[in-house]
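File shown: coords-v2.txt. Contents: compact mmCIF, C-alpha atoms.
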```txt
# COMPACT_ATOMS: atom_id res chain seq x y z
CA MET A 730 -5.94 -5.49 -11.00
CA LYS A 731 -5.57 -2.46 -13.23
CA GLU A 732 -1.93 -1.80 -12.45
CA ILE A 733 1.19 -3.80 -11.68
CA ALA A 734 1.70 -1.47 -8.71
CA LEU A 735 -1.49 -2.82 -7.13
CA HIS A 736 -0.22 -6.41 -7.45
CA ILE A 737 3.04 -5.35 -5.83
CA GLN A 738 1.20 -3.67 -2.97
CA ASP A 739 -0.96 -6.74 -2.50
CA ILE A 740 1.97 -9.19 -2.53
CA ALA A 741 3.94 -7.01 -0.13
CA GLU A 742 1.05 -7.10 2.33
CA ASN A 743 1.73 -10.87 2.50
CA SER A 744 5.32 -10.07 3.44
CA ILE A 745 4.15 -7.81 6.25
CA ARG A 746 1.83 -10.51 7.50
CA ALA A 747 4.73 -12.97 7.36
CA GLY A 748 6.53 -10.75 9.85
CA ALA A 749 9.02 -9.25 7.39
CA THR A 750 11.05 -6.27 8.57
CA GLN A 751 12.81 -5.80 5.24
CA LEU A 752 11.35 -5.67 1.80
CA ARG A 753 13.08 -5.35 -1.52
CA ILE A 754 11.15 -4.23 -4.59
CA HIS A 755 13.25 -4.02 -7.74
CA ILE A 756 11.67 -3.13 -11.04
CA VAL A 757 13.61 -3.17 -14.28
CA GLU A 758 12.29 -1.95 -17.59
CA ASP A 759 14.62 -3.08 -20.34
CA THR A 760 13.22 -1.81 -23.60
CA GLU A 761 15.92 -3.44 -25.70
CA ARG A 762 15.16 -6.91 -24.33
CA ASP A 763 11.49 -5.90 -24.26
CA VAL A 764 11.10 -6.98 -20.65
CA LEU A 765 9.56 -5.48 -17.55
CA SER A 766 10.60 -7.47 -14.51
CA VAL A 767 9.43 -7.18 -10.92
CA HIS A 768 11.47 -8.74 -8.15
CA ILE A 769 10.11 -8.78 -4.60
CA ALA A 770 11.98 -10.29 -1.66
CA ASP A 771 11.31 -10.27 2.07
CA ASN A 772 12.85 -11.60 5.26
CA GLY A 773 9.55 -12.88 6.62
CA CYS A 774 8.87 -16.33 8.05
CA GLY A 775 8.94 -18.04 4.64
CA MET A 776 7.04 -21.13 3.55
CA ASP A 777 7.85 -24.81 3.53
CA GLU A 778 7.75 -26.80 0.31
CA MET A 779 4.19 -27.95 0.74
CA MET A 780 2.83 -24.50 1.47
CA LEU A 781 4.82 -23.01 -1.41
CA LYS A 782 3.15 -25.46 -3.78
CA LYS A 783 -0.26 -24.46 -2.51
CA ALA A 784 0.52 -20.73 -2.51
CA LEU A 785 -0.33 -20.33 -6.18
CA ASP A 786 -3.61 -22.15 -5.81
CA PRO A 787 -6.42 -19.57 -5.67
CA PHE A 788 -8.39 -21.87 -3.39
CA PHE A 789 -5.65 -21.94 -0.78
CA THR A 790 -5.29 -19.29 1.89
CA THR A 791 -3.69 -19.00 5.31
CA LYS A 792 -6.45 -16.72 6.49
CA ASN A 793 -9.64 -17.81 8.12
CA VAL A 794 -11.96 -14.99 7.13
CA ARG A 795 -12.62 -16.51 3.68
CA ARG A 796 -11.82 -19.58 1.67
CA VAL A 797 -9.93 -18.15 -1.33
CA GLY A 798 -6.47 -16.59 -1.72
CA MET A 799 -6.08 -14.82 -5.01
CA GLY A 800 -3.11 -12.48 -4.58
CA LEU A 801 -0.23 -14.60 -5.87
CA SER A 802 -2.23 -16.43 -8.51
CA LEU A 803 -3.53 -13.14 -9.94
CA PHE A 804 -0.02 -11.73 -10.18
CA ARG A 805 1.27 -14.89 -11.84
CA GLN A 806 -1.63 -14.88 -14.26
CA ALA A 807 -0.98 -11.23 -15.16
CA ALA A 808 2.65 -12.04 -16.02
CA LEU A 809 1.77 -15.12 -18.08
CA ARG A 810 -0.96 -13.21 -19.91
CA ALA A 811 1.69 -10.73 -21.07
CA ASP A 812 3.90 -13.50 -22.48
CA GLY A 813 6.03 -13.45 -19.33
CA SER A 814 7.10 -15.78 -16.57
CA PHE A 815 6.73 -16.15 -12.84
CA SER A 816 8.88 -17.84 -10.24
CA ILE A 817 8.80 -17.96 -6.49
CA GLU A 818 11.23 -19.27 -3.90
CA SER A 819 10.81 -19.66 -0.20
CA ALA A 820 12.15 -21.53 2.80
CA PRO A 821 11.08 -21.46 6.43
CA GLY A 822 13.05 -18.84 8.30
CA LYS A 823 14.67 -17.58 5.10
CA GLY A 824 11.94 -15.38 3.68
CA THR A 825 10.28 -15.40 0.30
CA SER A 826 11.33 -13.98 -3.04
CA LEU A 827 9.56 -13.88 -6.35
CA THR A 828 10.15 -12.59 -9.84
CA ALA A 829 7.50 -11.77 -12.41
CA GLU A 830 8.51 -10.93 -15.94
CA PHE A 831 6.27 -9.29 -18.51
CA ARG A 832 6.87 -8.68 -22.19
CA HIS A 833 7.16 -4.89 -22.09
CA SER A 834 5.41 -4.22 -25.39
CA HIS A 835 2.69 -6.83 -24.90
CA PHE A 836 -0.83 -5.55 -25.47
CA ASP A 837 -2.06 -7.19 -22.28
CA ARG A 838 0.72 -5.92 -20.03
CA GLN A 839 -0.82 -3.69 -17.38
CA PRO A 840 0.75 -0.28 -16.86
CA LEU A 841 3.18 -0.16 -13.94
CA GLY A 842 0.89 2.42 -12.33
CA ASP A 843 1.25 4.39 -9.13
CA MET A 844 4.24 2.92 -7.29
CA ALA A 845 4.43 5.98 -5.05
CA GLY A 846 0.89 5.27 -3.83
CA ALA A 847 1.71 1.59 -3.31
CA ILE A 848 4.77 2.32 -1.18
CA VAL A 849 2.99 4.98 0.86
CA VAL A 850 0.18 2.53 1.66
CA LEU A 851 2.70 -0.16 2.64
CA LEU A 852 4.37 2.24 5.03
CA MET A 853 0.99 3.07 6.53
CA SER A 854 0.34 -0.65 7.01
CA ASP A 855 3.66 -1.13 8.73
CA PRO A 856 5.57 2.03 9.64
CA GLU A 857 8.51 -0.07 10.88
CA LEU A 858 9.06 -1.79 7.54
CA ASP A 859 12.32 -1.11 5.71
CA ILE A 860 11.78 -0.82 1.98
CA ASP A 861 14.53 -0.87 -0.60
CA TYR A 862 12.83 0.19 -3.82
CA ARG A 863 14.59 0.50 -7.14
CA HIS A 864 13.13 1.24 -10.51
CA ARG A 865 15.44 1.16 -13.49
CA ILE A 866 14.33 2.22 -16.96
CA ASP A 867 17.17 1.19 -19.25
CA GLU A 868 20.16 3.20 -17.96
CA ASP A 869 18.17 5.49 -15.69
CA GLU A 870 17.99 4.13 -12.14
CA PHE A 871 15.85 5.50 -9.34
CA VAL A 872 16.60 4.36 -5.80
CA PHE A 873 14.46 4.89 -2.72
CA ASP A 874 15.47 3.52 0.66
CA THR A 875 13.51 4.05 3.86
CA LYS A 876 16.76 3.75 5.85
CA VAL A 877 17.90 7.11 4.48
CA ILE A 878 14.56 8.68 5.36
CA ARG A 879 14.56 7.21 8.87
CA SER A 880 18.09 8.34 9.69
CA THR A 881 16.95 11.91 8.97
CA LEU A 882 13.64 11.63 10.82
CA GLU A 883 15.10 10.82 14.26
CA ASP A 884 12.11 10.05 16.51
CA VAL A 885 9.40 11.18 14.08
CA THR A 886 7.65 8.17 12.52
CA ILE A 887 7.65 7.58 8.80
CA SER A 888 3.84 7.37 8.80
CA GLU A 889 3.48 11.08 9.63
CA PRO A 890 1.21 12.52 6.90
CA ALA A 891 3.73 15.18 5.88
CA VAL A 892 6.51 12.59 5.63
CA LEU A 893 4.34 10.28 3.54
CA GLN A 894 3.52 13.20 1.26
CA PHE A 895 7.24 13.88 0.89
CA ILE A 896 7.85 10.22 0.00
CA ARG A 897 4.98 10.24 -2.46
CA GLU A 898 6.42 13.21 -4.35
CA LEU A 899 9.91 11.80 -4.19
CA ILE A 900 8.85 8.55 -5.84
CA SER A 901 6.38 10.05 -8.33
CA ASP A 902 9.10 12.40 -9.55
CA ARG A 903 11.77 9.66 -9.47
CA GLN A 904 14.09 11.96 -7.58
CA ASN A 905 17.11 10.34 -6.00
CA LEU A 906 17.40 11.92 -2.57
CA GLU A 907 20.48 14.11 -2.10
CA MET B 851 8.67 17.58 -12.17
CA GLY B 852 7.81 19.46 -8.99
CA LYS B 853 10.19 20.96 -6.48
CA LYS B 854 13.53 19.41 -5.68
CA MET B 855 13.30 16.96 -2.81
CA THR B 856 16.26 17.15 -0.47
CA ILE B 857 17.34 15.92 2.94
CA ALA B 858 17.14 19.53 4.11
CA GLU B 859 13.49 19.59 3.05
CA LEU B 860 12.87 16.40 5.03
CA ARG B 861 14.51 17.93 8.11
CA LYS B 862 12.07 20.84 7.93
CA ILE B 863 9.17 18.39 7.78
CA ARG B 864 10.61 16.58 10.81
CA GLU B 865 10.76 19.74 12.90
CA GLN B 866 7.24 20.71 11.88
CA ALA B 867 5.97 17.20 12.71
CA LYS B 868 7.53 17.28 16.18
CA LYS B 869 5.41 20.32 16.98
CA THR B 870 2.11 18.91 15.75
CA ILE B 871 2.50 15.39 17.22
CA ASN B 872 2.03 16.76 20.75
CA LEU B 873 -1.13 18.57 19.72
CA ARG B 874 -2.56 15.40 18.24
CA ASP B 875 -1.76 13.15 21.20
CA ALA B 876 -3.66 15.50 23.45
CA LYS B 877 -6.84 14.95 21.46
CA GLY B 878 -6.36 11.43 20.00
CA LYS B 879 -9.70 11.05 18.32
CA ALA B 880 -10.96 8.87 15.47
CA LYS B 881 -9.17 6.07 13.66
CA ILE B 882 -10.09 5.13 10.09
CA THR B 883 -8.94 1.76 8.81
CA VAL B 884 -9.10 1.18 5.05
CA HIS B 885 -9.29 -2.51 4.19
CA MET B 886 -6.47 -3.39 1.80
CA GLY B 887 -6.77 -7.08 1.05
CA THR B 888 -6.54 -8.38 -2.51
CA CYS B 889 -10.28 -7.86 -2.85
CA GLY B 890 -10.12 -4.31 -1.49
CA ILE B 891 -7.21 -3.34 -3.70
CA ALA B 892 -8.84 -4.83 -6.80
CA SER B 893 -12.10 -3.01 -6.19
CA GLY B 894 -10.60 0.44 -5.64
CA ALA B 895 -9.34 0.73 -2.05
CA ARG B 896 -6.37 2.76 -3.24
CA GLU B 897 -8.63 5.42 -4.77
CA VAL B 898 -10.50 5.48 -1.47
CA MET B 899 -7.25 5.85 0.47
CA ASP B 900 -5.96 8.57 -1.85
CA ALA B 901 -9.20 10.54 -1.56
CA LEU B 902 -9.14 10.16 2.22
CA LEU B 903 -5.57 11.39 2.61
CA LYS B 904 -6.21 14.26 0.23
CA ALA B 905 -9.33 15.36 2.12
CA ILE B 906 -7.50 15.19 5.46
CA ASP B 907 -4.77 17.36 4.03
CA GLU B 908 -7.09 19.86 2.34
CA ASN B 909 -9.28 20.27 5.39
CA GLY B 910 -6.32 20.52 7.75
CA ILE B 911 -7.64 17.67 9.91
CA LYS B 912 -5.11 16.81 12.61
CA ASP B 913 -6.88 14.37 14.89
CA VAL B 914 -7.86 11.52 12.56
CA LEU B 915 -5.52 8.57 12.35
CA VAL B 916 -5.51 6.55 9.11
CA THR B 917 -4.32 2.97 8.88
CA THR B 918 -4.87 -0.17 6.79
CA SER B 919 -5.93 -3.74 7.38
CA GLY B 920 -6.39 -6.92 5.36
CA CYS B 921 -9.52 -8.60 4.08
CA ALA B 922 -12.43 -8.80 6.51
CA GLY B 923 -14.16 -11.64 4.67
CA LEU B 924 -16.84 -9.54 2.98
CA CYS B 925 -15.04 -9.25 -0.35
CA SER B 926 -18.17 -8.49 -2.36
CA HIS B 927 -18.70 -5.32 -0.32
CA GLU B 928 -15.23 -3.87 -0.80
CA PRO B 929 -13.91 -1.20 -0.69
CA MET B 930 -14.57 -1.08 3.03
CA ALA B 931 -13.37 1.08 5.90
CA THR B 932 -13.83 1.02 9.66
CA VAL B 933 -14.24 4.10 11.82
CA GLU B 934 -13.39 3.77 15.51
CA PHE B 935 -13.54 6.07 18.46
CA GLN B 936 -12.12 5.19 21.83
CA ASN B 937 -14.69 3.52 24.07
CA SER B 938 -17.33 3.06 21.36
CA PRO B 939 -17.96 0.16 18.98
CA PRO B 940 -16.28 0.34 15.53
CA VAL B 941 -18.50 1.03 12.51
CA LYS B 942 -17.81 -0.70 9.18
CA TYR B 943 -18.63 1.09 5.94
CA VAL B 944 -19.14 -0.86 2.72
CA ASP B 945 -19.13 -0.33 -1.08
CA LEU B 946 -17.15 2.86 -0.72
CA ASP B 947 -15.72 5.17 -3.33
CA ALA B 948 -13.72 8.39 -3.34
CA GLU B 949 -16.75 10.56 -2.60
CA LYS B 950 -18.34 8.37 0.06
CA ILE B 951 -15.17 8.08 2.13
CA VAL B 952 -14.83 11.86 2.27
CA GLU B 953 -18.41 12.07 3.53
CA VAL B 954 -17.64 9.43 6.16
CA LEU B 955 -14.52 11.36 7.17
CA LEU B 956 -16.24 14.71 7.53
CA LYS B 957 -19.49 13.50 9.12
CA HIS B 958 -18.41 10.56 11.26
CA ALA B 959 -14.68 10.81 12.01
CA VAL B 960 -14.71 14.59 12.45
CA LYS B 961 -18.22 15.32 13.74
CA GLY B 962 -19.12 12.01 15.32
CA SER B 963 -22.36 11.20 13.52
CA ILE B 964 -22.57 7.83 11.75
CA VAL B 965 -23.33 7.91 8.01
CA LYS B 966 -26.09 5.31 8.09
CA GLU B 967 -26.49 4.97 4.29
CA TYR B 968 -23.04 3.42 3.87
CA ALA B 969 -22.75 1.55 7.16
CA LEU B 970 -22.60 -2.23 6.85
CA ALA B 971 -25.66 -2.95 8.91
CA ILE B 972 -27.48 -1.54 11.83
CA GLY B 973 -29.45 -4.31 13.39
CA SER B 974 -30.24 -6.35 10.28
CA GLU B 975 -28.62 -8.42 7.55
CA LYS B 976 -27.51 -6.68 4.40
CA MET B 977 -25.69 -9.55 2.72
CA ASN B 978 -27.33 -11.97 0.32
```
Structure translated into structure tokens:
Amino acid sequence: MKEIALHIQDIAENSIRAGATQLRIHIVEDTERDVLSVHIADNGCGMDEMMLKKALDPFFTTKNVRRVGMGLSLFRQAALRADGSFSIESAPGKGTSLTAEFRHSHFDRQPLGDMAGAIVVLLMSDPELDIDYRHRIDEDEFVFDTKVIRSTLEDVTISEPAVLQFIRELISDRQNLE
Amino acid sequence: MGKKMTIAELRKIREQAKKTINLRDAKGKAKITVHMGTCGIASGAREVMDALLKAIDENGIKDVLVTTSGCAGLCSHEPMATVEFQNSPPVKYVDLDAEKIVEVLLKHAVKGSIVKEYALAIGSEKMN
């Protein structure tokens, strides 16, 4: 993957498939500590201990269209490659959460990339999904919450092209909605 | 930074959308599904999606629905997309890029003629 945003999009697709209705994506760039951390949490069906162990194995997948499952292991590998860490927690019925940390200044750390594009695609995948997205760069925090958008939209769906375009600009420009 | 994004702006979009939704339901034509599994994403499905949405916007196309799906098991042929019309079999397109998807949009989804060059297979194997 060229960008961290693509990993996030990929991992979040797992959440959707796990039946999640709520998704939290919190990114923190702390230049003083030299850390970029990505925290993703969902309220999907979760995994038992055995499945959680297998989840990082690229030759394990829950799908039956192919025999490999690279998403999580690629993300973990990307974090470790950039002198970072990776942890994942899950329990049946409790959802799954994971944190990937990268050394911010590491040569091999991928750029964060197009988070606006990632979130727009996730909303196209599942227009009912609630996303709580935060991206903090040192003291500067950007917050995007689909709940605010939905309460304004009334019966228009969030996957309307014009709405998605609005969301894309909002996130690309890091504008907190007023 | 572009224009200021406000709730008021979003309300305007909502009112506009309410008007066009009815128009679209009346026609309800093609559906394009861009495959967004790990394999798709890694091989450029997002560029394909971005190009598709941009072309739909630029050409003012109102009756094409865009959605996403996971991996279809043909990872080596990603990025892939499927074009469907009601009451006719879906067509899968393989090894796409930003230019090819726009061609598929304009020729197949809008005008109804299959772009044979990029279609997965018509009657014979294409995979190794």
Could you please determine the separation between CA of His864 (chain A) and CA of Phe815 (chain A) in Å, to one decimal place?
18.7 Å
Give as a PyMOL selection string every residue of chain B that touches chain A within 6 Å, counting all atoms listed in the file.
chain B and resi 851+856+864+888+892+917-918+923
Local residues around (12.4, 3.4, 0.7), at most 9 Å away, using only C-alpha atoms, as an NGL selection string
:A and (848 or 859-863 or 872-878 or 896)
May I have the residues within 7 Å of Lys823 (chain A) as a list in words, using only C-alpha atoms and disregarding those fewer than 5 positions away in the same chain?
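Neighbouring residues, sequence-local ones excluded: Asn772, Cys774 and Gly775 of chain A.
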Do you have the CA of Ile866 (chain A)-CA of Asp900 (chain B) distance handy?
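Interatomic distance here is 26.1 Å.
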Please provide as number ranges by chain all residues within 10 Å of region 946-949 of chain B, with the sequence filter that same-chain residues fewer than 4 positions apart are discarded (counting only C-alpha atoms).
B: 893-902, 905, 927-931, 953-954, 968-969
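Distance-wise, CA of Ile745 (chain A) and CA of Thr791 (chain A) end up 13.7 Å apart.
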Can you tell me, as a PyMOL selection string, what residues are no more than 9 Å from His768 (chain A) when counting all atoms listed in the file, ignoring any on the same chain fewer than 4 positions away?
chain A and resi 753-757+826-830
So which residues touch Ala749 (chain A) within 7 Å, counting all atoms listed in the file, skipping near sequence neighbours fewer than 5 positions away, as a PyMOL selection string?
chain A and resi 744+771-773
Can you write out the residues you just picked, keeping C-alpha atoms, as an mmCIF file, in the coordinates of the input?
```cif
data_model
loop_
_atom_site.group_PDB
_atom_site.id
_atom_site.type_symbol
_atom_site.label_atom_id
_atom_site.label_comp_id
_atom_site.auth_asym_id
_atom_site.auth_seq_id
_atom_site.Cartn_x
_atom_site.Cartn_y
_atom_site.Cartn_z
ATOM 1 C CA SER A 744 5.320 -10.070 3.440
ATOM 2 C CA ASP A 771 11.310 -10.270 2.070
ATOM 3 C CA ASN A 772 12.850 -11.600 5.260
ATOM 4 C CA GLY A 773 9.550 -12.880 6.620
#
```
Need the shell around Val914 (chain B): protein/DNA/RNA residues with any atom at most 9 Å away, counting only C-alpha atoms. Skip same-chain ones fewer than 4 positions apart. Format as a list in words?
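After dropping sequence-adjacent residues, the list is Arg874, Gly878, Lys879, Ala880, Lys881, Ile882, Ile906, Leu955, Ala959 and Val960 of chain B.
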Around the point (-19.5, 5.4, 16.1) (coordinates from the file), which residues reach within 9 Å if we count only C-alpha atoms? Answer as a list of chain:residue names.
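Selection result: B:Val933, B:Glu934, B:Phe935, B:Ser938, B:Pro939, B:Pro940, B:Val941, B:His958, B:Ala959, B:Gly962, B:Ser963, B:Ile964.
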